[in-house]
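Visitor: What follows is my_file_14.cif; its format and atoms are mmCIF, C-alpha atoms.
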```
data_my_file
loop_
_atom_site.label_atom_id
_atom_site.label_comp_id
_atom_site.auth_asym_id
_atom_site.auth_seq_id
_atom_site.Cartn_x
_atom_site.Cartn_y
_atom_site.Cartn_z
CA MET A 1 -20.29 -13.62 -23.52
CA PRO A 2 -16.52 -14.17 -23.98
CA ASP A 3 -14.15 -12.44 -21.57
CA VAL A 4 -12.11 -9.64 -23.17
CA THR A 5 -9.37 -8.50 -20.82
CA ALA A 6 -7.38 -5.26 -20.79
CA ARG A 7 -4.39 -5.08 -18.46
CA PHE A 8 -2.74 -1.90 -17.21
CA ASP A 9 -0.30 -1.07 -14.44
CA ASN A 10 -2.02 -2.33 -11.29
CA ALA A 11 -5.44 -2.50 -12.99
CA THR A 12 -7.22 -5.25 -14.95
CA LEU A 13 -10.52 -4.68 -16.74
CA HIS A 14 -12.80 -7.45 -18.03
CA HIS A 15 -15.58 -7.11 -20.61
CA GLY A 16 -18.37 -9.53 -19.79
CA ASP A 17 -21.14 -10.40 -17.36
CA CYS A 18 -19.81 -10.37 -13.80
CA LEU A 19 -22.12 -13.16 -12.67
CA ASP A 20 -20.61 -15.41 -15.32
CA LEU A 21 -17.01 -14.24 -15.01
CA LEU A 22 -16.42 -13.34 -11.37
CA PRO A 23 -15.57 -16.83 -10.00
CA ALA A 24 -12.89 -17.40 -12.64
CA ILE A 25 -11.58 -13.83 -12.38
CA LEU A 26 -11.33 -14.24 -8.61
CA VAL A 27 -9.05 -17.23 -9.10
CA GLN A 28 -7.03 -15.45 -11.79
CA ASP A 29 -6.75 -11.91 -10.41
CA GLY A 30 -7.77 -12.22 -6.75
CA PRO A 31 -8.18 -12.57 -3.90
CA PHE A 32 -9.78 -9.13 -3.59
CA ASP A 33 -9.42 -7.08 -0.44
CA HIS A 34 -12.73 -5.26 -0.99
CA VAL A 35 -15.66 -5.09 -3.41
CA ILE A 36 -17.08 -1.61 -4.07
CA ALA A 37 -19.87 -1.71 -6.64
CA ASP A 38 -22.62 0.34 -8.24
CA PRO A 39 -25.13 -2.32 -9.31
CA PRO A 40 -28.31 -1.48 -11.24
CA TYR A 41 -31.00 0.30 -9.25
CA GLU A 42 -34.23 -1.23 -8.02
CA ASP A 43 -36.67 -2.33 -10.75
CA ALA A 44 -39.27 0.32 -9.84
CA LEU A 45 -36.94 3.17 -10.82
CA HIS A 46 -36.04 1.52 -14.12
CA ALA A 47 -39.71 1.01 -14.93
CA ALA A 48 -40.52 4.64 -14.11
CA ALA A 49 -37.57 5.89 -16.14
CA ALA A 50 -38.74 3.95 -19.18
CA LYS A 51 -41.98 5.97 -19.23
CA GLY A 52 -40.33 9.37 -19.48
CA SER A 53 -38.10 11.18 -21.94
CA ILE A 54 -36.00 14.32 -22.16
CA ALA A 55 -36.12 16.85 -25.01
CA ARG A 56 -32.79 17.42 -26.76
CA THR A 57 -31.66 20.70 -28.28
CA ASP A 58 -32.04 19.21 -31.76
CA GLY A 59 -35.74 18.55 -31.16
CA ARG A 60 -35.44 14.80 -30.61
CA ARG A 61 -36.33 13.12 -27.33
CA GLU A 62 -34.27 10.56 -25.47
CA PRO A 63 -35.22 8.20 -22.62
CA ARG A 64 -34.86 9.56 -19.10
CA GLY A 65 -32.81 7.51 -16.62
CA PRO A 66 -31.06 4.13 -16.89
CA GLN A 67 -31.98 1.99 -19.88
CA PHE A 68 -30.82 -1.38 -18.57
CA ALA A 69 -32.45 -4.05 -16.40
CA GLY A 70 -32.94 -3.49 -12.68
CA ILE A 71 -31.26 -5.46 -9.91
CA SER A 72 -34.22 -7.27 -8.35
CA GLU A 73 -34.03 -10.51 -10.33
CA ILE A 74 -30.28 -10.97 -9.82
CA ARG A 75 -29.76 -9.27 -6.42
CA ASP A 76 -29.32 -12.48 -4.39
CA GLU A 77 -26.88 -13.95 -6.92
CA ALA A 78 -24.95 -10.67 -7.16
CA ALA A 79 -24.73 -10.30 -3.37
CA ALA A 80 -23.47 -13.87 -2.99
CA ALA A 81 -20.82 -13.33 -5.68
CA MET A 82 -19.61 -10.07 -4.13
CA VAL A 83 -19.40 -11.53 -0.62
CA ALA A 84 -17.50 -14.57 -1.90
CA ALA A 85 -15.06 -12.29 -3.72
CA SER A 86 -14.24 -9.99 -0.79
CA ASN A 87 -11.81 -10.45 2.09
CA GLY A 88 -13.03 -7.22 3.66
CA TRP A 89 -15.75 -4.72 2.80
CA VAL A 90 -18.64 -5.05 0.40
CA LEU A 91 -20.18 -1.70 -0.58
CA ALA A 92 -23.20 -1.49 -2.90
CA PHE A 93 -25.08 1.60 -4.07
CA CYS A 94 -28.87 1.47 -4.08
CA LEU A 95 -32.01 3.52 -3.55
CA ALA A 96 -33.54 3.85 -0.09
CA GLU A 97 -36.24 1.40 -1.18
CA GLY A 98 -33.60 -1.27 -1.77
CA VAL A 99 -31.69 -1.14 1.52
CA GLY A 100 -33.73 -3.85 3.24
CA ALA A 101 -33.42 -6.22 0.30
CA TRP A 102 -29.67 -5.67 0.10
CA GLU A 103 -29.27 -6.23 3.85
CA THR A 104 -31.10 -9.54 3.55
CA ALA A 105 -29.15 -10.62 0.48
CA LEU A 106 -25.74 -9.73 1.92
CA THR A 107 -26.36 -11.34 5.30
CA ASN A 108 -27.80 -14.45 3.67
CA ALA A 109 -24.56 -14.65 1.70
CA GLY A 110 -22.57 -14.69 4.95
CA ALA A 111 -21.52 -11.05 5.35
CA LYS A 112 -21.91 -9.05 8.56
CA TRP A 113 -24.21 -6.11 7.95
CA ASP A 114 -22.70 -2.79 9.08
CA THR A 115 -24.71 0.31 8.14
CA THR A 116 -26.17 2.43 5.36
CA LEU A 117 -24.35 5.51 4.11
CA ALA A 118 -26.10 8.45 2.45
CA TRP A 119 -24.73 10.21 -0.61
CA VAL A 120 -26.44 13.63 -0.59
CA LYS A 121 -26.69 15.25 -4.04
CA PRO A 122 -27.05 19.05 -3.71
CA ASP A 123 -27.66 19.40 -7.45
CA ALA A 124 -30.11 16.52 -7.84
CA ALA A 125 -32.75 17.00 -10.52
CA PRO A 126 -36.20 18.14 -9.38
CA ARG A 127 -39.25 15.94 -9.73
CA PHE A 128 -40.46 17.12 -13.10
CA ASN A 129 -44.16 16.31 -12.65
CA GLY A 130 -44.27 18.23 -9.39
CA GLN A 131 -46.34 15.56 -7.67
CA GLY A 132 -43.98 14.96 -4.78
CA ALA A 133 -40.43 15.35 -3.55
CA ALA A 134 -37.48 14.52 -5.80
CA ARG A 135 -34.80 12.07 -4.76
CA GLY A 136 -32.00 14.07 -3.16
CA PHE A 137 -29.77 11.21 -2.04
CA GLU A 138 -28.73 7.64 -2.71
CA CYS A 139 -27.76 4.93 -0.25
CA ILE A 140 -24.61 2.85 0.03
CA CYS A 141 -25.03 -0.47 1.82
CA THR A 142 -21.96 -1.61 3.74
CA ALA A 143 -21.22 -5.11 5.00
CA TRP A 144 -18.08 -6.87 6.26
CA ALA A 145 -17.10 -10.08 4.49
CA GLY A 146 -13.69 -10.50 6.11
CA SER A 147 -12.52 -12.21 9.26
CA GLY A 148 -12.16 -10.52 12.64
CA HIS A 149 -13.29 -7.01 13.45
CA ARG A 150 -14.39 -4.47 10.84
CA ARG A 151 -11.66 -1.98 9.92
CA TRP A 152 -11.97 1.43 8.28
CA ASN A 153 -10.25 4.83 8.32
CA GLY A 154 -13.10 7.09 9.38
CA GLY A 155 -12.94 7.04 13.16
CA GLY A 156 -16.38 7.95 14.49
CA ARG A 157 -17.52 10.15 11.60
CA ARG A 158 -21.09 10.09 10.36
CA GLY A 159 -21.94 8.15 7.23
CA VAL A 160 -23.07 11.13 5.15
CA LEU A 161 -21.16 12.26 2.06
CA GLU A 162 -22.18 15.29 0.02
CA HIS A 163 -20.99 15.58 -3.59
CA PRO A 164 -22.51 17.01 -6.77
CA THR A 165 -23.63 14.48 -9.36
CA ALA A 166 -21.45 13.40 -12.27
CA LYS A 167 -22.32 14.98 -15.62
CA GLY A 168 -22.49 13.05 -18.88
CA GLY A 169 -21.13 9.61 -19.73
CA HIS A 170 -22.66 6.57 -18.05
CA GLU A 171 -26.35 6.89 -17.16
CA THR A 172 -25.72 6.42 -13.44
CA ALA A 173 -22.08 7.52 -13.17
CA LYS A 174 -20.84 8.48 -9.73
CA PRO A 175 -18.62 11.55 -9.20
CA THR A 176 -14.94 10.76 -8.92
CA ASP A 177 -14.53 12.67 -5.65
CA LEU A 178 -17.29 10.58 -4.04
CA MET A 179 -15.59 7.34 -5.05
CA MET A 180 -12.23 8.64 -3.88
CA ALA A 181 -13.76 9.45 -0.50
CA LEU A 182 -15.15 5.91 -0.22
CA ILE A 183 -11.84 4.37 -1.30
CA ALA A 184 -10.00 6.53 1.25
CA LEU A 185 -12.38 5.60 4.05
CA TYR A 186 -12.71 1.86 3.46
CA THR A 187 -9.38 0.70 1.97
CA ARG A 188 -5.64 1.01 2.50
CA PRO A 189 -2.91 1.91 -0.02
CA GLY A 190 -1.95 -1.19 -1.98
CA ASP A 191 -5.29 -2.95 -1.45
CA LEU A 192 -6.93 -4.73 -4.38
CA VAL A 193 -10.42 -3.31 -5.04
CA CYS A 194 -12.94 -5.02 -7.32
CA ASP A 195 -15.96 -3.41 -8.98
CA PRO A 196 -18.04 -6.09 -10.73
CA PHE A 197 -20.44 -3.46 -12.14
CA MET A 198 -17.71 -1.13 -13.36
CA GLY A 199 -19.62 1.07 -15.80
CA SER A 200 -17.32 3.75 -17.20
CA GLY A 201 -14.63 3.00 -14.61
CA THR A 202 -14.95 5.72 -11.96
CA THR A 203 -14.19 3.33 -9.09
CA GLY A 204 -11.06 2.26 -10.93
CA VAL A 205 -9.99 5.85 -11.51
CA ALA A 206 -10.46 6.60 -7.81
CA ALA A 207 -8.57 3.47 -6.79
CA ARG A 208 -5.60 4.21 -9.04
CA ARG A 209 -5.40 7.85 -7.96
CA LEU A 210 -5.15 6.67 -4.35
CA ASP A 211 -2.54 3.97 -5.02
CA ARG A 212 -4.91 1.00 -4.80
CA ARG A 213 -4.93 -1.86 -7.29
CA PHE A 214 -8.11 -2.46 -9.25
CA VAL A 215 -10.08 -5.17 -11.07
CA GLY A 216 -13.27 -4.19 -12.88
CA ILE A 217 -15.94 -6.00 -14.90
CA GLU A 218 -18.39 -4.39 -17.33
CA LYS A 219 -20.69 -6.03 -19.88
CA ASP A 220 -21.56 -2.94 -21.96
CA GLU A 221 -19.02 -2.65 -24.77
CA GLY A 222 -19.12 1.14 -24.98
CA HIS A 223 -18.75 1.69 -21.22
CA PHE A 224 -15.94 -0.90 -21.12
CA ALA A 225 -14.04 1.03 -23.81
CA THR A 226 -14.51 4.27 -21.88
CA ALA A 227 -13.23 2.65 -18.69
CA CYS A 228 -10.15 1.34 -20.50
CA ALA A 229 -9.37 4.81 -21.86
CA ARG A 230 -9.80 6.43 -18.45
CA ILE A 231 -7.59 3.90 -16.63
CA ASP A 232 -4.96 4.15 -19.37
CA ALA A 233 -4.91 7.93 -18.96
CA ILE A 234 -4.50 7.64 -15.19
CA ASP A 235 -1.60 5.20 -15.46
CA ALA A 236 0.09 7.37 -18.11
CA ALA A 237 0.01 10.48 -15.92
CA PRO A 238 1.45 11.28 -12.46
CA MET A 239 -0.79 10.59 -9.50
CA LEU A 240 -3.07 13.56 -8.81
CA PRO A 241 -3.19 14.98 -5.28
CA PHE A 242 -6.46 14.56 -3.46
CA GLU A 243 -7.56 16.38 -0.33
CA ALA A 244 -9.76 13.79 1.35
CA ARG A 245 -12.08 16.31 2.98
CA GLU A 246 -14.81 13.69 3.25
CA ALA A 247 -12.52 11.43 5.27
CA THR A 248 -12.45 13.90 8.14
CA LYS A 249 -15.31 16.32 7.48
CA ALA A 250 -17.63 15.05 10.20
CA VAL A 251 -15.16 13.41 12.60
CA GLN A 252 -15.54 14.71 16.12
CA ALA A 253 -12.54 16.70 17.33
CA SER A 254 -11.80 14.15 20.05
CA LEU A 255 -11.52 11.26 17.57
CA GLU A 256 -8.56 10.39 15.40
CA LEU A 257 -8.11 8.15 12.37
CA ASP A 258 -6.46 4.76 12.76
CA SER A 259 -2.67 4.54 12.66
CA PHE A 260 -2.69 3.81 8.92
CA GLU A 261 -4.54 7.08 8.27
CA LEU A 262 -4.92 7.52 4.53
CA ASP A 263 -1.26 7.40 3.63
CA SER A 264 -0.06 10.09 1.18
CA LEU A 265 -3.37 12.00 1.28
CA GLU A 266 -3.67 15.60 2.40
CA LEU A 267 -6.37 15.62 5.06
CA GLU A 268 -8.31 18.75 5.88
CA ALA A 269 -10.39 18.77 9.03
CA SER A 270 -13.33 21.15 9.08
#
```
Represent the structure from my file as structure tokens, please.
Guide:
Amino acid sequence: MPDVTARFDNATLHHGDCLDLLPAILVQDGPFDHVIADPPYEDALHAAAAKGSIARTDGRREPRGPQFAGISEIRDEAAAAMVAASNGWVLAFCLAEGVGAWETALTNAGAKWDTTLAWVKPDAAPRFNGQGAARGFECICTAWAGSGHRRWNGGGRRGVLEHPTAKGGHETAKPTDLMMALIALYTRPGDLVCDPFMGSGTTGVAARRLDRRFVGIEKDEGHFATACARIDAIDAAPMLPFEAREATKAVQASLELDSFELDSLELEAS
């Protein structure tokens, strides 16, 4: 697949397969300070989603859940590419069932495993067949691919973030506030963040709103076009204020953020 590139102020978006393009893009646009990605889910979820459908208001039915290939076959290659591309953190979304596989893949690629975050979804869909509990959270695997000690902005806070799900658009889109919280916790203003599984560009929107630079890769033509439009709109408008509640929500009163504490953000401690 040929690389189609769209360049904006402090953001570059590539249309293509990240496993094919990332090494060359790293040379051209890198080095990246961090990689924050939302890869495909584990194959079991994709297979289950393919069996179900949702009724539309017009009487037609559409498939339920993501309609693209799962991560299992390419996980090791993707983990190696992300670790090679990062001078700091590597963050990857997954289901609870995939945490062990991601830990193995990231450490085999040379990263230092850190921990697993939980994104709690208070408005998650119920389990429609009623035969067991519905998924109420997703995991975010974190590993350090840089030199020296791990660095982040969260002090001693717990790794639990609660945000409602995103509505519409990409099949597995993440809410912008969630991605802004992750960007605020794991990166500094001016850092270059890469998302090799960009989707509709939410990581890029979060990065630009918080004065980080961004490089994204997406192979779906429609999602790539959406990401371009969203980044273009962000760069054409003034930066939006963001109260990084998640950056301090669970920090113990006796702990403080590092000296570079989320520059220009309005922090609100609970």
Visitor: I'd like the contact shell of region 182-191 of chain A - 6 Å cut-off, all atoms listed in the file, skipping same-chain residues fewer than 4 positions apart - returned as a count of residues only.
Guide: 8
Visitor: Excluding same-chain residues fewer than 3 positions from region 79-82 of chain A, what lies within 6 Å of it counting only C-alpha atoms, as a PyMOL selection string?
Guide: chain A and resi 75-76+85+105-106+109
Visitor: In Å, rounded to a single decimal, give me how far CA of Ala227 (chain A) is from CA of Asp9 (chain A).
Guide: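 Result for CA of Asp9 (chain A) versus CA of Ala227 (chain A): 14.1 Å, one decimal.
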Visitor: Quick check, in Å to one decimal: how far apart do CA of Arg230 (chain A) and CA of Gly204 (chain A) lie?
Guide: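 A separation of 8.7 Å between them.
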Visitor: Hey, could you make a per-residue contact list for region 153-225 of chain A against region 132-138 of chain A with 10 Å as the cut-off, showing the nearest pair of atoms and its distance in Å to one decimal, counting only C-alpha atoms, sorted by chain and number, as a tab-separated table?
Guide:
```
residue	atom	partner	partner_atom	distance
A:Val160	CA	A:Phe137	CA	9.8
A:Leu161	CA	A:Phe137	CA	9.6
A:Glu162	CA	A:Phe137	CA	8.9
A:His163	CA	A:Phe137	CA	9.9
```
Visitor: Hey, what comes out of the PyMOL selection byres ((chain A and resi 40) around 6) on this file? Could you write it as a ChimeraX atom specification?
Guide: /A:39,41,70-71
Visitor: Provide region 16-41 of chain A rebuilt to N, CA, C and O atoms, formatted as an mmCIF file, in the frame of the given file.
Guide:
```cif
data_model
loop_
_atom_site.group_PDB
_atom_site.id
_atom_site.type_symbol
_atom_site.label_atom_id
_atom_site.label_comp_id
_atom_site.auth_asym_id
_atom_site.auth_seq_id
_atom_site.Cartn_x
_atom_site.Cartn_y
_atom_site.Cartn_z
ATOM 1 N N GLY A 16 -17.514 -8.362 -19.896
ATOM 2 C CA GLY A 16 -18.370 -9.530 -19.790
ATOM 3 C C GLY A 16 -19.352 -9.372 -18.646
ATOM 4 O O GLY A 16 -19.390 -8.330 -17.978
ATOM 5 N N ASP A 17 -20.151 -10.391 -18.427
ATOM 6 C CA ASP A 17 -21.140 -10.400 -17.360
ATOM 7 C C ASP A 17 -20.479 -10.864 -16.071
ATOM 8 O O ASP A 17 -19.943 -11.974 -16.008
ATOM 9 N N CYS A 18 -20.523 -10.031 -15.022
ATOM 10 C CA CYS A 18 -19.810 -10.370 -13.800
ATOM 11 C C CYS A 18 -20.312 -11.649 -13.160
ATOM 12 O O CYS A 18 -19.539 -12.388 -12.537
ATOM 13 N N LEU A 19 -21.600 -11.947 -13.290
ATOM 14 C CA LEU A 19 -22.120 -13.160 -12.670
ATOM 15 C C LEU A 19 -21.579 -14.413 -13.351
ATOM 16 O O LEU A 19 -21.478 -15.463 -12.725
ATOM 17 N N ASP A 20 -21.235 -14.287 -14.613
ATOM 18 C CA ASP A 20 -20.610 -15.410 -15.320
ATOM 19 C C ASP A 20 -19.106 -15.465 -15.076
ATOM 20 O O ASP A 20 -18.531 -16.548 -14.964
ATOM 21 N N LEU A 21 -18.462 -14.306 -14.993
ATOM 22 C CA LEU A 21 -17.010 -14.240 -15.010
ATOM 23 C C LEU A 21 -16.359 -14.182 -13.636
ATOM 24 O O LEU A 21 -15.207 -14.574 -13.479
ATOM 25 N N LEU A 22 -17.071 -13.664 -12.640
ATOM 26 C CA LEU A 22 -16.420 -13.340 -11.370
ATOM 27 C C LEU A 22 -15.716 -14.530 -10.705
ATOM 28 O O LEU A 22 -14.580 -14.367 -10.226
ATOM 29 N N PRO A 23 -16.300 -15.726 -10.651
ATOM 30 C CA PRO A 23 -15.570 -16.830 -10.000
ATOM 31 C C PRO A 23 -14.212 -17.115 -10.634
ATOM 32 O O PRO A 23 -13.212 -17.288 -9.927
ATOM 33 N N ALA A 24 -14.156 -17.135 -11.961
ATOM 34 C CA ALA A 24 -12.890 -17.400 -12.640
ATOM 35 C C ALA A 24 -11.919 -16.240 -12.474
ATOM 36 O O ALA A 24 -10.708 -16.441 -12.295
ATOM 37 N N ILE A 25 -12.438 -15.010 -12.542
ATOM 38 C CA ILE A 25 -11.580 -13.830 -12.380
ATOM 39 C C ILE A 25 -11.021 -13.785 -10.968
ATOM 40 O O ILE A 25 -9.864 -13.388 -10.752
ATOM 41 N N LEU A 26 -11.804 -14.202 -9.990
ATOM 42 C CA LEU A 26 -11.330 -14.240 -8.610
ATOM 43 C C LEU A 26 -10.124 -15.151 -8.483
ATOM 44 O O LEU A 26 -9.138 -14.821 -7.813
ATOM 45 N N VAL A 27 -10.170 -16.294 -9.129
ATOM 46 C CA VAL A 27 -9.050 -17.230 -9.100
ATOM 47 C C VAL A 27 -7.845 -16.633 -9.818
ATOM 48 O O VAL A 27 -6.696 -16.741 -9.374
ATOM 49 N N GLN A 28 -8.095 -15.974 -10.952
ATOM 50 C CA GLN A 28 -7.030 -15.450 -11.790
ATOM 51 C C GLN A 28 -6.405 -14.180 -11.238
ATOM 52 O O GLN A 28 -5.183 -14.031 -11.219
ATOM 53 N N ASP A 29 -7.227 -13.242 -10.795
ATOM 54 C CA ASP A 29 -6.750 -11.910 -10.410
ATOM 55 C C ASP A 29 -6.843 -11.636 -8.911
ATOM 56 O O ASP A 29 -6.289 -10.639 -8.442
ATOM 57 N N GLY A 30 -7.552 -12.462 -8.162
ATOM 58 C CA GLY A 30 -7.770 -12.220 -6.750
ATOM 59 C C GLY A 30 -6.687 -12.835 -5.892
ATOM 60 O O GLY A 30 -5.637 -13.228 -6.404
ATOM 61 N N PRO A 31 -6.932 -12.967 -4.564
ATOM 62 C CA PRO A 31 -8.180 -12.570 -3.900
ATOM 63 C C PRO A 31 -8.296 -11.056 -3.762
ATOM 64 O O PRO A 31 -7.297 -10.350 -3.734
ATOM 65 N N PHE A 32 -9.537 -10.566 -3.691
ATOM 66 C CA PHE A 32 -9.780 -9.130 -3.590
ATOM 67 C C PHE A 32 -9.869 -8.733 -2.125
ATOM 68 O O PHE A 32 -10.454 -9.438 -1.307
ATOM 69 N N ASP A 33 -9.310 -7.584 -1.813
ATOM 70 C CA ASP A 33 -9.420 -7.080 -0.440
ATOM 71 C C ASP A 33 -10.812 -6.516 -0.164
ATOM 72 O O ASP A 33 -11.335 -6.675 0.940
ATOM 73 N N HIS A 34 -11.417 -5.861 -1.172
ATOM 74 C CA HIS A 34 -12.730 -5.260 -0.990
ATOM 75 C C HIS A 34 -13.482 -5.253 -2.312
ATOM 76 O O HIS A 34 -12.869 -5.235 -3.384
ATOM 77 N N VAL A 35 -14.804 -5.243 -2.233
ATOM 78 C CA VAL A 35 -15.660 -5.090 -3.410
ATOM 79 C C VAL A 35 -16.477 -3.817 -3.202
ATOM 80 O O VAL A 35 -17.216 -3.690 -2.220
ATOM 81 N N ILE A 36 -16.337 -2.871 -4.117
ATOM 82 C CA ILE A 36 -17.080 -1.610 -4.070
ATOM 83 C C ILE A 36 -17.791 -1.482 -5.405
ATOM 84 O O ILE A 36 -17.143 -1.344 -6.445
ATOM 85 N N ALA A 37 -19.129 -1.550 -5.393
ATOM 86 C CA ALA A 37 -19.870 -1.710 -6.640
ATOM 87 C C ALA A 37 -21.065 -0.770 -6.722
ATOM 88 O O ALA A 37 -21.629 -0.363 -5.716
ATOM 89 N N ASP A 38 -21.421 -0.459 -7.953
ATOM 90 C CA ASP A 38 -22.620 0.340 -8.240
ATOM 91 C C ASP A 38 -23.535 -0.507 -9.127
ATOM 92 O O ASP A 38 -23.597 -0.302 -10.342
ATOM 93 N N PRO A 39 -24.251 -1.461 -8.528
ATOM 94 C CA PRO A 39 -25.130 -2.320 -9.310
ATOM 95 C C PRO A 39 -26.306 -1.536 -9.887
ATOM 96 O O PRO A 39 -26.530 -0.375 -9.523
ATOM 97 N N PRO A 40 -27.092 -2.144 -10.767
ATOM 98 C CA PRO A 40 -28.310 -1.480 -11.240
ATOM 99 C C PRO A 40 -29.224 -1.120 -10.071
ATOM 100 O O PRO A 40 -29.175 -1.747 -9.008
ATOM 101 N N TYR A 41 -30.053 -0.112 -10.283
ATOM 102 C CA TYR A 41 -31.000 0.300 -9.250
ATOM 103 C C TYR A 41 -32.159 -0.696 -9.143
ATOM 104 O O TYR A 41 -32.256 -1.660 -9.901
#
```
